[in-house]
Amino acid sequence: MKKHPHPILVAEQVPFNADKPKSCVFNAGVAKVNGEYLMVFRNDYQHVQRAQFSGTNLGLARSPDGIHWTVDPEPILTTEIIREQWADLFPARLMPAEIRRVYDPRISIFDDEIVFCLAMDTNHGVVGAIARTSDWKHYECLSITTPDNRNMVLFPEKVNGQYIRLERPFPIYGRGKPEAFEIWSSRSKDLRYWGDTRLVLGSEEVPYSNCKIGPAAPPIKTDKGWLCTIHAVEKVEADLYAWHDNWKKIYHGGLILLDLEDPSKVIGIAKEPLIRPELPHEVEGFRGSVIFPCGMILEDDGEVKIYYGSADTCVGLATASLDELLDMIEPI
Ligand code: BMA
């Protein structure tokens with residue numbers, strides 16, 4: 001993988017929340033539509049100077065080449081917008097406070113419409129949401145999961161007549177080990193009703209993870225299978241660089257290959273991390289040593305662009321040829 005030495009999106013490029021004591025842009029979904037690159041990124045900001053962030057927006061950036069980005073003047077999605085447009089998802093007596101924030105968008109294009117997967121924090125748990133928009137103003141909620149679930153990504157096309165998603169529930173009861181969450185998949189005929197849920201990959205099968213893993217960017221189709229990025233967490237003893245105390249998790253980007261006909265079946269895995277935190281902007285930030293891919297584009301010439309949240313602070317870009325990535329895969 002070849003990394004761009006500097007982040008390709010930083011908070012200083014964002015026209016909103018620039019006045020806040022801290023503002024971060026990271027975990028961005030990316031799609032290419034009629035030659036233009038679109039990025040929906042997460043923007044966490046503080047109202048006042050203190051350790052924790054107090055608000056999260058989603059912003060939209062556009063680029064002619066996937067490298068140089070211009071950010072739209074206003075956020076496209078805020079907690080307030082979602083509280084207003086999705087009020088009927090929750091009992092009226094609990095709204096609007098029930099929805100606390102939406103974040104970590106992964107975007108897909110179906111029939112010229114943008115379909116997002118989002119994580120949504122509510123007072124009754126974290127849910128995965130799937131939403132559709134055609135104007136960046138109105139967001140139709142197609143489905144939400146039960147808690148606790150997030151990191152959902154959609155496959156770019158139906159497989160055997162069904163939409164497929166990867167997801168990462170995080171159950172805390174009923175298992176021998178704490179905080180070891182894994183990747184599951186579900187299918188749907190219409191993006192609304194999901195079922196046929198299967199366990200895809202256990203965290204213990206990923207050599208560079210000792211706790212949790214999750215789906216990263218929407219997969220791309222290759223002759224050999226569905227190429228999927230994951231994030232994989234390695235807990236360490238020592239404190240890592242962060243803007244708060246007690247940060248002890250390294251997030252690596254990883255790669256797996258899923259069966260073309262049955263994408264709930266893993267057929268290969270890269271035994272080494274695909275993207276490790278190494279560069280200054282990857283190891284130092286709000287949470288240092290975090291690589292969190294949410295976007296992947298296959299170009300016509302076979303180059304693959306992988307966009308990742310870097311240290312929960314900015315957006316990084318790594319590139320490789322498709323052949324290079326497939327060569328990393330070993331049968332599981
Ligand atoms: C995960 C998610 C991500 C975040 C990562 C590192 O659990 O919350 O949004 O980037 O932790 O903080």
# chains A, B, ... in the order shown; residues from 1 in each chain; ligands from 1
>>> select_by_dssp(residues="region 99-143 of chain A", states="strand (DSSP E)", output="PyMOL selection string")
chain A and resi 99-110+113-122+125-133+140-143
>>> residues_near_ligand(ligand="ligand 1", cutoff="8 Å", atoms="only C-alpha atoms and all ligand atoms", output="list in words")
Phe26, Asn27, Tyr103, Asp104, Tyr251, Arg287, Val290, Ile291, Phe292, Gly309, Ala311 and Asp312 of chain A
>>> write_last_selection(atoms="N, CA and C atoms", output="tab-separated table (two decimals), in the first residue's frame")
chain	number	residue	atom	x	y	z
A	26	PHE	N	-13.26	12.89	10.28
A	26	PHE	CA	-12.72	11.53	10.14
A	26	PHE	C	-13.82	10.56	9.73
A	27	ASN	N	-13.49	9.28	9.64
A	27	ASN	CA	-14.43	8.19	9.34
A	27	ASN	C	-15.41	8.58	8.22
A	103	TYR	N	-23.29	9.03	13.17
A	103	TYR	CA	-21.87	9.15	12.83
A	103	TYR	C	-21.41	7.96	11.99
A	104	ASP	N	-20.16	7.99	11.59
A	104	ASP	CA	-19.48	6.93	10.83
A	104	ASP	C	-20.26	6.49	9.59
A	251	TYR	N	-5.97	0.55	16.27
A	251	TYR	CA	-6.89	0.11	15.22
A	251	TYR	C	-6.11	-0.06	13.92
A	287	ARG	N	-7.59	10.34	19.21
A	287	ARG	CA	-7.22	8.99	19.65
A	287	ARG	C	-6.16	8.47	18.70
A	290	VAL	N	-5.23	5.11	15.46
A	290	VAL	CA	-6.51	4.58	14.96
A	290	VAL	C	-6.57	4.73	13.43
A	291	ILE	N	-6.68	3.60	12.75
A	291	ILE	CA	-6.94	3.58	11.30
A	291	ILE	C	-8.34	3.00	11.13
A	292	PHE	N	-9.24	3.79	10.56
A	292	PHE	CA	-10.65	3.37	10.49
A	292	PHE	C	-11.18	3.60	9.08
A	309	GLY	N	-10.32	7.03	8.44
A	309	GLY	CA	-10.21	7.97	9.55
A	309	GLY	C	-8.86	7.75	10.20
A	311	ALA	N	-6.51	8.59	13.39
A	311	ALA	CA	-6.43	9.07	14.79
A	311	ALA	C	-7.70	9.82	15.21
A	312	ASP	N	-8.84	9.46	14.65
A	312	ASP	CA	-10.13	10.12	14.94
A	312	ASP	C	-10.01	11.63	14.77
>>> residues_around(residues="Thr319 (chain A)", least_positions_apart="2", cutoff="7 Å", atoms="only C-alpha atoms", output="ChimeraX atom specification")
/A:1-3,303-306,317
>>> closest_residue(among="A:Ile267, A:Leu89, A:Ile172, A:Ala97", to="Ser143 (chain A)", atoms="only C-alpha atoms")
A:Leu89
>>> select_by_dssp(residues="region 182-322 of chain A", states="helix (DSSP H, G or I)", output="list in words")
Ser203, Glu204, Glu205, Pro280, His281, Glu282, Val283 and Leu322 of chain A
>>> residues_around(residues="Cys141 (chain A)", least_positions_apart="4", cutoff="12 Å", atoms="only C-alpha atoms", output="list of chain:residue names")
A:Ile82, A:Arg83, A:Gln85, A:Trp86, A:Ala87, A:Asp88, A:Leu89, A:Val115, A:Phe116, A:Cys117, A:Leu118, A:Met120, A:Gly128, A:Ala129, A:Ile130, A:Ala131, A:Arg132, A:Thr133, A:Thr145, A:Leu191, A:Arg192
>>> closest_residue(among="A:Arg100, A:Lys212, A:His68, A:Lys271", to="Leu325 (chain A)", atoms="only C-alpha atoms")
A:Lys271
>>> closest_residue(among="A:Ala238, A:Ala92, A:Ala320, A:Cys314", to="Ile297 (chain A)", atoms="only C-alpha atoms")
A:Ala320
>>> residues_around(residues="Pro331 (chain A)", least_positions_apart="3", cutoff="10 Å", atoms="only C-alpha atoms", output="compact mmCIF listing (two decimals) with all heavy atoms, in the first residue's frame")
# COMPACT_ATOMS: atom_id res chain seq x y z
N ILE A 256 -10.11 -8.88 3.88
CA ILE A 256 -10.61 -10.26 3.76
C ILE A 256 -11.27 -10.42 2.39
O ILE A 256 -11.59 -9.44 1.72
CB ILE A 256 -11.63 -10.63 4.88
CG1 ILE A 256 -12.84 -9.70 4.88
CG2 ILE A 256 -10.94 -10.61 6.25
CD1 ILE A 256 -13.94 -10.10 5.86
N LEU A 257 -11.47 -11.68 1.99
CA LEU A 257 -12.12 -11.98 0.72
C LEU A 257 -13.33 -12.87 0.99
O LEU A 257 -13.21 -13.88 1.69
CB LEU A 257 -11.12 -12.70 -0.19
CG LEU A 257 -11.49 -12.79 -1.67
CD1 LEU A 257 -11.48 -11.40 -2.33
CD2 LEU A 257 -10.52 -13.72 -2.42
N VAL A 266 -16.25 -16.50 4.37
CA VAL A 266 -14.90 -15.94 4.16
C VAL A 266 -14.07 -16.98 3.43
O VAL A 266 -14.01 -18.14 3.85
CB VAL A 266 -14.21 -15.63 5.51
CG1 VAL A 266 -12.84 -14.99 5.27
CG2 VAL A 266 -15.05 -14.70 6.35
N ILE A 267 -13.41 -16.57 2.33
CA ILE A 267 -12.55 -17.53 1.63
C ILE A 267 -11.07 -17.16 1.73
O ILE A 267 -10.21 -17.96 1.41
CB ILE A 267 -12.96 -17.71 0.14
CG1 ILE A 267 -13.05 -16.35 -0.57
CG2 ILE A 267 -14.30 -18.44 0.05
CD1 ILE A 267 -13.33 -16.48 -2.07
N GLY A 268 -10.79 -15.95 2.21
CA GLY A 268 -9.38 -15.58 2.34
C GLY A 268 -9.21 -14.41 3.28
O GLY A 268 -10.15 -13.65 3.55
N ILE A 269 -7.98 -14.28 3.78
CA ILE A 269 -7.67 -13.18 4.70
C ILE A 269 -6.21 -12.77 4.51
O ILE A 269 -5.36 -13.62 4.24
CB ILE A 269 -7.95 -13.61 6.16
CG1 ILE A 269 -7.72 -12.44 7.13
CG2 ILE A 269 -7.11 -14.81 6.58
CD1 ILE A 269 -8.25 -12.72 8.53
N ALA A 270 -5.93 -11.48 4.62
CA ALA A 270 -4.53 -11.03 4.65
C ALA A 270 -4.07 -11.21 6.10
O ALA A 270 -4.69 -10.67 7.01
CB ALA A 270 -4.44 -9.57 4.22
N LYS A 271 -2.98 -11.96 6.27
CA LYS A 271 -2.55 -12.31 7.64
C LYS A 271 -1.87 -11.15 8.36
O LYS A 271 -1.74 -11.14 9.57
CB LYS A 271 -1.60 -13.52 7.59
CG LYS A 271 -2.25 -14.79 7.05
CD LYS A 271 -2.89 -15.58 8.19
CE LYS A 271 -3.81 -16.70 7.73
NZ LYS A 271 -3.16 -17.82 7.10
>>> residues_around(residues="Cys211 (chain A)", least_positions_apart="4", cutoff="9 Å", atoms="only C-alpha atoms", output="ChimeraX atom specification")
/A:177-182,203-204,232-235
>>> atom_distance(atom1="CA of Pro218 (chain A)", atom2="CA of Ser264 (chain A)")
14.2 Å
>>> closest_residue(among="A:Ile76, A:Val126, A:Val206, A:Ile220", to="Leu322 (chain A)", atoms="only C-alpha atoms")
A:Ile220
>>> residues_around(residues="Pro219 (chain A)", least_positions_apart="2", cutoff="9 Å", atoms="only C-alpha atoms", output="list in words")
Val153, Leu154, Phe155, Pro156, Ala216, Ala217, Lys221, Trp226, Leu227, Cys228, Thr229 and Met296 of chain A
>>> write_last_selection(atoms="N, CA and C atoms", output="tab-separated table (two decimals), in the first residue's frame")
chain	number	residue	atom	x	y	z
A	153	VAL	N	-22.07	-1.94	6.51
A	153	VAL	CA	-21.74	-1.55	5.14
A	153	VAL	C	-22.59	-2.38	4.18
A	154	LEU	N	-22.96	-1.77	3.05
A	154	LEU	CA	-23.76	-2.48	2.04
A	154	LEU	C	-22.87	-2.92	0.89
A	155	PHE	N	-23.17	-4.07	0.31
A	155	PHE	CA	-22.50	-4.48	-0.92
A	155	PHE	C	-23.01	-3.58	-2.05
A	156	PRO	N	-22.16	-3.33	-3.06
A	156	PRO	CA	-22.54	-2.36	-4.10
A	156	PRO	C	-23.62	-2.87	-5.05
A	216	ALA	N	-15.42	-2.39	7.37
A	216	ALA	CA	-14.88	-1.04	7.19
A	216	ALA	C	-15.59	-0.35	6.02
A	217	ALA	N	-15.05	-0.45	4.80
A	217	ALA	CA	-15.68	0.21	3.64
A	217	ALA	C	-16.59	-0.77	2.91
A	221	LYS	N	-16.20	-5.76	-5.95
A	221	LYS	CA	-16.31	-7.08	-6.58
A	221	LYS	C	-15.07	-7.35	-7.41
A	226	TRP	N	-15.45	-11.09	-3.19
A	226	TRP	CA	-15.71	-9.73	-2.71
A	226	TRP	C	-14.56	-9.31	-1.82
A	227	LEU	N	-13.89	-8.24	-2.22
A	227	LEU	CA	-12.75	-7.76	-1.44
A	227	LEU	C	-13.28	-6.76	-0.40
A	228	CYS	N	-13.02	-7.07	0.87
A	228	CYS	CA	-13.59	-6.25	1.96
A	228	CYS	C	-12.49	-5.77	2.89
A	229	THR	N	-12.58	-4.51	3.27
A	229	THR	CA	-11.70	-4.00	4.32
A	229	THR	C	-12.38	-4.23	5.67
A	296	MET	N	-13.89	2.97	-0.09
A	296	MET	CA	-12.94	2.29	-0.99
A	296	MET	C	-13.48	2.43	-2.42
>>> atom_distance(atom1="CA of Tyr37 (chain A)", atom2="CA of Val159 (chain A)")
25.1 Å
>>> atom_distance(atom1="CA of Cys294 (chain A)", atom2="CA of Met95 (chain A)")
29.5 Å
>>> closest_residue(among="A:Pro15, A:Pro75, A:Gly202, A:Pro105", to="Lys265 (chain A)", atoms="only C-alpha atoms")
A:Gly202
>>> closest_residue(among="A:Ile107, A:Tyr139, A:Gly288, A:Gly29", to="Ile81 (chain A)", atoms="only C-alpha atoms")
A:Tyr139
>>> decode(residues="region 156-168 of chain A", atoms="N, CA and C atoms", output="PDB file, in the first residue's frame")
ATOM      1  N   PRO A 156     -22.155  -3.331  -3.058  1.00  0.00           N
ATOM      2  CA  PRO A 156     -22.543  -2.363  -4.097  1.00  0.00           C
ATOM      3  C   PRO A 156     -23.621  -2.875  -5.047  1.00  0.00           C
ATOM      4  N   GLU A 157     -23.884  -4.165  -5.043  1.00  0.00           N
ATOM      5  CA  GLU A 157     -24.966  -4.696  -5.900  1.00  0.00           C
ATOM      6  C   GLU A 157     -25.605  -5.891  -5.202  1.00  0.00           C
ATOM      7  N   LYS A 158     -26.802  -6.256  -5.700  1.00  0.00           N
ATOM      8  CA  LYS A 158     -27.482  -7.405  -5.102  1.00  0.00           C
ATOM      9  C   LYS A 158     -26.728  -8.685  -5.441  1.00  0.00           C
ATOM     10  N   VAL A 159     -26.774  -9.641  -4.565  1.00  0.00           N
ATOM     11  CA  VAL A 159     -26.186 -10.955  -4.826  1.00  0.00           C
ATOM     12  C   VAL A 159     -27.346 -11.960  -4.791  1.00  0.00           C
ATOM     13  N   ASN A 160     -27.527 -12.671  -5.894  1.00  0.00           N
ATOM     14  CA  ASN A 160     -28.668 -13.580  -6.017  1.00  0.00           C
ATOM     15  C   ASN A 160     -29.986 -12.900  -5.626  1.00  0.00           C
ATOM     16  N   GLY A 161     -30.167 -11.686  -6.122  1.00  0.00           N
ATOM     17  CA  GLY A 161     -31.439 -10.973  -5.932  1.00  0.00           C
ATOM     18  C   GLY A 161     -31.599 -10.303  -4.580  1.00  0.00           C
ATOM     19  N   GLN A 162     -30.562 -10.309  -3.740  1.00  0.00           N
ATOM     20  CA  GLN A 162     -30.724  -9.717  -2.413  1.00  0.00           C
ATOM     21  C   GLN A 162     -29.601  -8.727  -2.084  1.00  0.00           C
ATOM     22  N   TYR A 163     -29.990  -7.649  -1.412  1.00  0.00           N
ATOM     23  CA  TYR A 163     -28.973  -6.749  -0.858  1.00  0.00           C
ATOM     24  C   TYR A 163     -28.271  -7.489   0.278  1.00  0.00           C
ATOM     25  N   ILE A 164     -26.993  -7.179   0.435  1.00  0.00           N
ATOM     26  CA  ILE A 164     -26.217  -7.808   1.510  1.00  0.00           C
ATOM     27  C   ILE A 164     -25.612  -6.708   2.362  1.00  0.00           C
ATOM     28  N   ARG A 165     -25.591  -6.919   3.652  1.00  0.00           N
ATOM     29  CA  ARG A 165     -24.850  -5.987   4.508  1.00  0.00           C
ATOM     30  C   ARG A 165     -23.933  -6.772   5.435  1.00  0.00           C
ATOM     31  N   LEU A 166     -22.820  -6.144   5.768  1.00  0.00           N
ATOM     32  CA  LEU A 166     -21.987  -6.640   6.858  1.00  0.00           C
ATOM     33  C   LEU A 166     -22.282  -5.746   8.047  1.00  0.00           C
ATOM     34  N   GLU A 167     -22.145  -6.262   9.239  1.00  0.00           N
ATOM     35  CA  GLU A 167     -22.490  -5.490  10.430  1.00  0.00           C
ATOM     36  C   GLU A 167     -21.699  -6.000  11.613  1.00  0.00           C
ATOM     37  N   ARG A 168     -21.715  -5.237  12.687  1.00  0.00           N
ATOM     38  CA  ARG A 168     -20.923  -5.614  13.842  1.00  0.00           C
ATOM     39  C   ARG A 168     -21.726  -5.369  15.130  1.00  0.00           C
TER      40      ARG A 168
END
